[in-house]
Each structure stands twice: as structure tokens, then as C-alpha cells.
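The structure appears below as C-alpha cells.
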Amino acid sequence: MRKIKYLIFASAIWGIVIGRNLACLAAEIPLVKVAKTNGLQMLSADSFGTKGAAFIFKDNSRVFTFKKILMPLGFPVVKRYGRYYIDSSDYKYHIQPLLPNTKHRRKKLKIIALDAGHGGEDNGATAPWNKLQEKFLTMDVCLRLAKLLEKSGYRVVLTRSQDKKIPLPERTQIANRAKADLFISIHFNSAPSTSASGIETFTLTPSTQASSYQSSSRNIRRNFIGNTFDGLNIVLGYCLQSSLTERTLGIDRGVRHSTFVVLRDLKCPGILVECGFLSNREECQKITSSAYRDVLAQSIFDGIVKFDSLLSD
């Protein structure tokens with residue numbers, strides 16, 4: 001009797017394991033199929049596209065490269081018998097939106113909400129070298145960027161225009177009330193290690209995936225209003241990250257996923273960009289320069305214009 005019970009128990013466990021494996025297999029798409037379906041060529045076993053616009057993957061990695069920019073994945077790439085596979089949700093959220101034949105049917109940008117991170121008693125990061133506070137830097141870059149946008153015919157809405165603390169949910173509400181077509185939250189980074197440097201851009205984590213700093217899981221079930229724009233968010237993230245790293249020559253830390261409060265309930269595409277590390281002495285010296293903050297504002301502006309050019313009514 002014990003033996004029978006044991007066999008039943010073992011069979012049940014084995015069935016669960018097989019079921020999970022089959023579910024994983026069913027969710028995977030071979031890169032070869034992705035390339036063939038979209039009329040692209042395989043450049044090697046782990047990449048497809050063209051030489052100038054290649055998607056490059058790495059076994060067991062949740063990061064891929066598109067046009068030399070690091071991009072996020074929800075699940076690790078899998079390699080079996082020399083062939084690479086990606087999760088179907090990653091194809092939907094991260095690959096398909098970036099494909100050259102994808103049409104982004106959304107109205108052209110008119111109203112852009114700019115969010116200067118921190119403010120008031122919330123100083124944000126403070127540079128250990130010169131005590132420069134993040135809240136003043138974000139405001140400065142936002143105002144420079146606003147001038148560029150307004151000069152080009154866009155209407156700009158600021159979530160704050162002075163040194164005042166604005167609750168995070170209220171920042172989103174300001175953008176939504178203004179019926180913004182785009183939301184850009186500007187920040188500067190800090191880390192315990194003074195060697196950390198570079199630029200990174202965050203988009204809202206897709207509803208069935210884990211954020212970049214979490215382990216991947218198929219049990220995640222969340223759905224914020226902002227997830228309506230997952231595909232557009234990844235394109236926006238790429239446009240800004242590529243523009244910023246190209247102009248500033250900063251290290252590409254990639255586009256990443258997070259469930260930041262300011263991104264959750266947006267009724268338009270939105271990102272949060274970290275424009276460099278105040279905790280890195282060399283990078284902090286650049287950021288201290290007014291001319292360099294002009295470069296940052298121009299870079300973000302160029303990324304916005306690039307994104308706008310991809311939209312079609």
C-alpha cells in the first residue's frame with residue numbers, strides 16, 4: 001500500500017514537472033522562426049537582422065543587444081542543440097516593437113510631460129565631491145529640455161517648476177490631467193561603488209514579467225494602466241537610451257524594467273531616465289558643467305523627436 005501511495009505521489013510530482021516543462025516549451029519561439037516570419041536573415045546562430053540593425057542574444061541571459069544598445073528580456077534566452085529560443089512574451093513586448101516593419105499606430109506627439117525628479121525636502125542623490133543635489137540638476141535639465149521642445153512646437157507640462165516635493169502619484173496625475181502624449185521622468189544616479197557610471201533608461205515592467213533586478217517568474221500577475229503601452233515604451237526607451245549614449249559618449253547601462261510609481265498609471269507612453277552617476281567623480285564633474293547639461297537636454301530632445309517620427313496616425 002505504501003509503495004502504491006509513493007508511486008502515485010511520485011507520478012503526480014513528475015506530471016507537474018513535465019507540465020511545467022511543456023508549458024515553457026510552448027511559450028518559446030526559435031530565433032530562426034522570428035527571422036523568417038519577419039523577412040530578416042540569420043547572421044549567426046544567436047543573431048538576426050542586418051549588419052547595421054542586428055538583434056544579438058546570449059544563452060541564459062535576460063538581456064539582448066539591438067543596434068549595440070542593451071535591451072531587457074523577461075525570461076532567459078534558451079539554447080538547445082545549437083538553436084536559440086526566446087519566450088513568446090518577449091517577442092511580443094521587446095522584439096516585435098523594434099522590428100523595421102512594425103507600424104506604431106498612435107497619434108503624433110503634441111503634449112509632453114516632463115518630470116524633474118525629487119524636490120523640496122526630498123533632495124535625491126547628493127554628490128560626495130561637491131554636495132550638488134539631484135533635485136536641482138533634474139529641474140535644470142527639464143527646463144533646458146522644455147525650451148527645446150517648445151521651440152519645436154510641442155506643448156510642455158512640468159510636474160514641478162520649483163523646489164517643491166510633489167508626491168509620486170500626483171506627478172502621474174498631472175500628466176494624465178493634461179492629456180499628455182508622452183511622459184519623461186529625469187533623474188541622476190548614485191551607487192555605493194564610486195566606479196559605477198553610465199546612463200540607463202527604465203520602462204514599466206510588462207504585466208506578466210519580472211523587473212530587471214528580480215528573478216524571472218511565470219507566476220507574476222499585475223496589470224497597471226501603463227502596461228497598455230508596453231510595446232511603445234520599449235521603443236521609447238531605445239530611442240532615448242541610444243540618443244543619450246551616442247551624444248554623451250556615456251557607458252550604456254541599457255534599457256531596464258521597473259515598476260516605478262510614476263510609470264504605473266500613465267495614460268501615455270513613459271520612461272524614467274538616469275542621466276549619470278553623481279557618486280562617480282569623473283561623471284559628476286561632467287554633470288556639474290552647464291554645457292554638459294545642455295548636451296543631456298539635447299540628447300533627450302533628439303530621442304523624443306526620433307520616437308515621434310516612428311508614430312503614424
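Every chain in the C-alpha cells takes a letter, A first, then B, and so on in the order presented; its residues are numbered from 1, and the ligands are numbered from 1 following the presented order.
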- Skipping near chain neighbours, those fewer than 5 positions away, what residues fall within 7 Å of segment 82-91 of chain A using only C-alpha atoms, listed as JSON, numbers by chain? {"A": [27, 28, 29, 30, 31, 45, 46, 73, 74, 75, 77, 96]}
Please produce a file of the residues just selected, as a short mmCIF file (atom, residue, chain, number, x, y, z; two decimals), in the first residue's frame, where the atoms kept are N, CA and C atoms.
```cif
data_model
loop_
_atom_site.label_atom_id
_atom_site.label_comp_id
_atom_site.auth_asym_id
_atom_site.auth_seq_id
_atom_site.Cartn_x
_atom_site.Cartn_y
_atom_site.Cartn_z
N ALA A 27 5.81 28.13 -24.82
CA ALA A 27 5.95 29.59 -24.79
C ALA A 27 7.19 30.08 -25.53
N GLU A 28 8.02 29.16 -26.00
CA GLU A 28 9.28 29.54 -26.63
C GLU A 28 9.17 29.61 -28.16
N ILE A 29 9.90 30.55 -28.74
CA ILE A 29 9.94 30.72 -30.19
C ILE A 29 11.40 30.68 -30.64
N PRO A 30 11.73 29.86 -31.63
CA PRO A 30 13.11 29.84 -32.11
C PRO A 30 13.46 31.11 -32.88
N LEU A 31 14.67 31.60 -32.72
CA LEU A 31 15.09 32.81 -33.42
C LEU A 31 14.96 32.66 -34.93
N ALA A 45 24.03 31.92 -35.34
CA ALA A 45 23.07 31.13 -34.56
C ALA A 45 22.37 31.97 -33.50
N ASP A 46 23.02 33.04 -33.04
CA ASP A 46 22.46 33.83 -31.93
C ASP A 46 22.03 35.23 -32.35
N LEU A 73 14.91 41.56 -21.34
CA LEU A 73 14.02 40.43 -21.60
C LEU A 73 13.37 40.02 -20.29
N GLY A 74 12.20 39.44 -20.37
CA GLY A 74 11.53 38.97 -19.16
C GLY A 74 12.02 37.61 -18.72
N PHE A 75 12.45 36.79 -19.71
CA PHE A 75 12.89 35.43 -19.43
C PHE A 75 14.22 35.15 -20.13
N VAL A 77 17.16 33.67 -22.41
CA VAL A 77 17.28 33.01 -23.71
C VAL A 77 17.70 31.57 -23.46
N GLN A 96 9.21 42.40 -31.35
CA GLN A 96 8.31 42.86 -32.41
C GLN A 96 8.21 44.39 -32.50
#
```
Interface rows for segment 65-155 of chain A against segment 177-188 of chain A: nearest pair, Å to one decimal, 10 Å, only C-alpha atoms, as a tab-separated table:
```
residue	atom	partner	partner_atom	distance
A:Arg106	CA	A:Asp181	CA	9.5
A:Lys107	CA	A:Asp181	CA	8.3
A:Lys108	CA	A:Asp181	CA	8.1
A:Leu109	CA	A:Asp181	CA	5.6
A:Lys110	CA	A:Asp181	CA	6.5
A:Ile111	CA	A:Ala180	CA	4.8
A:Ile112	CA	A:Leu182	CA	4.9
A:Ala113	CA	A:Phe183	CA	4.7
A:Leu114	CA	A:Ile184	CA	5.1
A:Asp115	CA	A:Ser185	CA	4.4
A:Ala116	CA	A:Ile186	CA	5.4
A:Gly117	CA	A:His187	CA	5.4
A:His118	CA	A:His187	CA	8.2
A:Gly124	CA	A:Phe188	CA	8.3
A:Ala125	CA	A:Phe188	CA	7.2
A:Thr126	CA	A:Phe188	CA	9.5
A:Gln133	CA	A:Phe188	CA	9.4
A:Glu134	CA	A:Phe188	CA	6.1
A:Lys135	CA	A:His187	CA	8.2
A:Leu137	CA	A:Phe188	CA	7.9
A:Thr138	CA	A:His187	CA	5.8
A:Met139	CA	A:Ile186	CA	8.4
A:Val141	CA	A:Ile186	CA	7.9
A:Cys142	CA	A:Ile186	CA	7.3
A:Arg155	CA	A:Ala180	CA	9.1
```
Store the residues picked out above in a file with N, CA and C atoms, as an mmCIF file, in the first residue's frame.
```
data_model
loop_
_atom_site.group_PDB
_atom_site.id
_atom_site.type_symbol
_atom_site.label_atom_id
_atom_site.label_comp_id
_atom_site.auth_asym_id
_atom_site.auth_seq_id
_atom_site.Cartn_x
_atom_site.Cartn_y
_atom_site.Cartn_z
ATOM 1 N N ARG A 106 -0.221 55.357 -33.541
ATOM 2 C CA ARG A 106 -0.572 56.247 -32.432
ATOM 3 C C ARG A 106 -0.365 57.676 -32.911
ATOM 4 N N LYS A 107 -1.203 58.580 -32.417
ATOM 5 C CA LYS A 107 -1.130 59.965 -32.881
ATOM 6 C C LYS A 107 0.227 60.588 -32.561
ATOM 7 N N LYS A 108 0.627 61.513 -33.407
ATOM 8 C CA LYS A 108 1.881 62.222 -33.223
ATOM 9 C C LYS A 108 1.869 62.985 -31.893
ATOM 10 N N LEU A 109 3.050 63.231 -31.361
ATOM 11 C CA LEU A 109 3.168 63.890 -30.063
ATOM 12 C C LEU A 109 2.814 65.373 -30.148
ATOM 13 N N LYS A 110 2.026 65.827 -29.190
ATOM 14 C CA LYS A 110 1.696 67.253 -29.083
ATOM 15 C C LYS A 110 2.025 67.780 -27.688
ATOM 16 N N ILE A 111 1.586 67.015 -26.683
ATOM 17 C CA ILE A 111 1.783 67.448 -25.291
ATOM 18 C C ILE A 111 2.769 66.497 -24.604
ATOM 19 N N ILE A 112 3.832 67.051 -24.050
ATOM 20 C CA ILE A 112 4.858 66.230 -23.412
ATOM 21 C C ILE A 112 5.004 66.649 -21.951
ATOM 22 N N ALA A 113 4.872 65.697 -21.046
ATOM 23 C CA ALA A 113 5.025 65.954 -19.607
ATOM 24 C C ALA A 113 6.459 65.654 -19.192
ATOM 25 N N LEU A 114 7.092 66.626 -18.554
ATOM 26 C CA LEU A 114 8.457 66.460 -18.052
ATOM 27 C C LEU A 114 8.424 66.443 -16.532
ATOM 28 N N ASP A 115 9.046 65.440 -15.970
ATOM 29 C CA ASP A 115 9.029 65.240 -14.518
ATOM 30 C C ASP A 115 10.448 65.366 -13.965
ATOM 31 N N ALA A 116 10.719 66.471 -13.284
ATOM 32 C CA ALA A 116 12.020 66.662 -12.633
ATOM 33 C C ALA A 116 12.016 65.890 -11.319
ATOM 34 N N GLY A 117 12.824 64.865 -11.224
ATOM 35 C CA GLY A 117 12.820 64.002 -10.051
ATOM 36 C C GLY A 117 13.140 64.730 -8.753
ATOM 37 N N HIS A 118 12.478 64.282 -7.668
ATOM 38 C CA HIS A 118 12.718 64.786 -6.306
ATOM 39 C C HIS A 118 12.234 66.231 -6.156
ATOM 40 N N GLY A 124 17.036 63.823 -3.219
ATOM 41 C CA GLY A 124 17.561 62.825 -4.144
ATOM 42 C C GLY A 124 19.001 62.511 -3.805
ATOM 43 N N ALA A 125 19.795 62.132 -4.780
ATOM 44 C CA ALA A 125 21.208 61.823 -4.549
ATOM 45 C C ALA A 125 21.994 63.125 -4.339
ATOM 46 N N THR A 126 23.053 63.014 -3.551
ATOM 47 C CA THR A 126 23.943 64.159 -3.319
ATOM 48 C C THR A 126 25.367 63.752 -3.673
ATOM 49 N N GLN A 133 23.106 68.608 -5.346
ATOM 50 C CA GLN A 133 21.916 67.802 -5.089
ATOM 51 C C GLN A 133 21.158 67.488 -6.379
ATOM 52 N N GLU A 134 20.686 66.261 -6.444
ATOM 53 C CA GLU A 134 19.995 65.783 -7.632
ATOM 54 C C GLU A 134 18.774 66.633 -7.981
ATOM 55 N N LYS A 135 18.019 67.077 -6.975
ATOM 56 C CA LYS A 135 16.771 67.795 -7.231
ATOM 57 C C LYS A 135 16.974 69.059 -8.065
ATOM 58 N N LEU A 137 19.580 69.514 -10.232
ATOM 59 C CA LEU A 137 20.063 69.092 -11.546
ATOM 60 C C LEU A 137 18.908 68.633 -12.439
ATOM 61 N N THR A 138 17.988 67.871 -11.861
ATOM 62 C CA THR A 138 16.855 67.389 -12.665
ATOM 63 C C THR A 138 15.982 68.560 -13.129
ATOM 64 N N MET A 139 15.781 69.533 -12.259
ATOM 65 C CA MET A 139 14.998 70.705 -12.621
ATOM 66 C C MET A 139 15.681 71.486 -13.729
ATOM 67 N N VAL A 141 17.850 70.397 -16.052
ATOM 68 C CA VAL A 141 17.782 69.685 -17.335
ATOM 69 C C VAL A 141 16.369 69.756 -17.908
ATOM 70 N N CYS A 142 15.355 69.631 -17.051
ATOM 71 C CA CYS A 142 13.960 69.716 -17.508
ATOM 72 C C CYS A 142 13.666 71.070 -18.152
ATOM 73 N N ARG A 155 3.882 71.252 -26.853
ATOM 74 C CA ARG A 155 3.423 71.874 -25.618
ATOM 75 C C ARG A 155 4.003 71.081 -24.455
#
```
- Message: Residues of segment 78-223 of chain A classed as helix (DSSP H, G or I) by DSSP on the backbone are to be reported as a ChimeraX atom specification.
- Response: /A:88-98,134-151,168-177
Could those residues be written to a file, using C-alpha atoms, as a CSV table (one decimal), in the first residue's frame?
```csv
chain,number,residue,atom,x,y,z
A,88,SER,CA,6.7,34.4,-26.7
A,89,SER,CA,6.0,37.3,-24.3
A,90,ASP,CA,9.5,38.7,-25.0
A,91,TYR,CA,8.8,38.6,-28.7
A,92,LYS,CA,5.6,40.5,-28.1
A,93,TYR,CA,6.9,43.1,-25.7
A,94,HIS,CA,10.5,43.5,-26.8
A,95,ILE,CA,11.3,42.2,-30.2
A,96,GLN,CA,8.3,42.9,-32.4
A,97,PRO,CA,8.0,46.6,-31.5
A,98,LEU,CA,11.6,47.1,-32.6
A,134,GLU,CA,20.0,65.8,-7.6
A,135,LYS,CA,16.8,67.8,-7.2
A,136,PHE,CA,18.4,70.9,-8.7
A,137,LEU,CA,20.1,69.1,-11.5
A,138,THR,CA,16.9,67.4,-12.7
A,139,MET,CA,15.0,70.7,-12.6
A,140,ASP,CA,17.8,72.4,-14.6
A,141,VAL,CA,17.8,69.7,-17.3
A,142,CYS,CA,14.0,69.7,-17.5
A,143,LEU,CA,13.9,73.5,-18.1
A,144,ARG,CA,16.5,73.3,-20.8
A,145,LEU,CA,14.7,70.4,-22.5
A,146,ALA,CA,11.3,72.3,-22.2
A,147,LYS,CA,12.8,75.2,-24.2
A,148,LEU,CA,14.0,72.9,-26.9
A,149,LEU,CA,10.6,71.2,-27.1
A,150,GLU,CA,8.5,74.4,-27.1
A,151,LYS,CA,10.8,75.9,-29.8
A,168,LEU,CA,4.8,60.4,-6.9
A,169,PRO,CA,1.2,59.5,-7.7
A,170,GLU,CA,0.4,63.2,-8.2
A,171,ARG,CA,3.1,63.5,-10.8
A,172,THR,CA,1.4,60.9,-12.9
A,173,GLN,CA,-2.0,62.6,-12.3
A,174,ILE,CA,-0.6,65.9,-13.6
A,175,ALA,CA,0.4,64.2,-16.8
A,176,ASN,CA,-2.9,62.4,-17.2
A,177,ARG,CA,-5.0,65.6,-16.5
```
- Who sits within 8 Å of Gly254 of chain A, only C-alpha atoms, same chain under 4 positions skipped, as a list in words: Ile69, Leu70, Met71, Pro72, Ile199, Glu200, Thr201 and Gln241 of chain A
May I have the selected residues written with C-alpha atoms, as a compact mmCIF listing (two decimals), in the first residue's frame?
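Output file part-v3.txt is given in full below:
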```
# COMPACT_ATOMS: atom_id res chain seq x y z
CA ILE A 69 22.13 49.06 -27.14
CA LEU A 70 21.41 46.68 -24.25
CA MET A 71 17.72 45.81 -24.07
CA PRO A 72 15.72 43.82 -21.46
CA ILE A 199 23.28 56.01 -18.43
CA GLU A 200 20.24 53.78 -18.04
CA THR A 201 16.60 54.12 -19.01
CA GLN A 241 18.98 55.42 -24.49
```
Which residues of segment 121-154 of chain A sit at most 7 Å from segment 260-282 of chain A, using only C-alpha atoms? Give each one's shortest atom pair and distance in Å (one decimal place), in chain and ascending residue order, as a tab-separated table.
```
residue	atom	partner	partner_atom	distance
A:Thr126	CA	A:Leu278	CA	6.8
A:Ala127	CA	A:Leu278	CA	4.9
A:Pro128	CA	A:Ser279	CA	6.6
A:Trp129	CA	A:Arg281	CA	6.8
```
Selection above as a file: C-alpha atoms, as a CSV table (one decimal), in the first residue's frame:
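Ended up saving to result.csv:
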```csv
chain,number,residue,atom,x,y,z
A,126,THR,CA,23.9,64.2,-3.3
A,127,ALA,CA,27.4,64.3,-4.9
A,128,PRO,CA,30.0,63.5,-2.2
A,129,TRP,CA,32.6,65.6,-4.1
```
- Task: Go through A:Pro192, A:Pro167, A:Pro76, A:Gly39 one by one, measure the shortest atom-to-atom distance of each to Arg62 of chain A using only C-alpha atoms, and give the residue with the smallest value.
- Result: A:Pro76
- Using only C-alpha atoms: which of A:Ser289, A:Ile251, A:Lys164, A:Ser47 has the shortest distance to Val32 of chain A: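 Comparing A:Ser289, A:Ile251, A:Lys164, A:Ser47 against Val32 of chain A, the winner is A:Ser47.
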- If you run DSSP on this backbone, which residues of segment 79-290 of chain A come out as strand (DSSP E), and could you give them as an NGL selection string? :A and (79-80 or 83-87 or 104-105 or 111-116 or 155-158 or 182-189 or 199-204 or 252-258 or 270-277)
- Shortest contact to Val305 of chain A, candidates A:Gly153, A:Asp252, A:Thr208, A:Ser44, atoms counted only C-alpha atoms, goes to A:Gly153
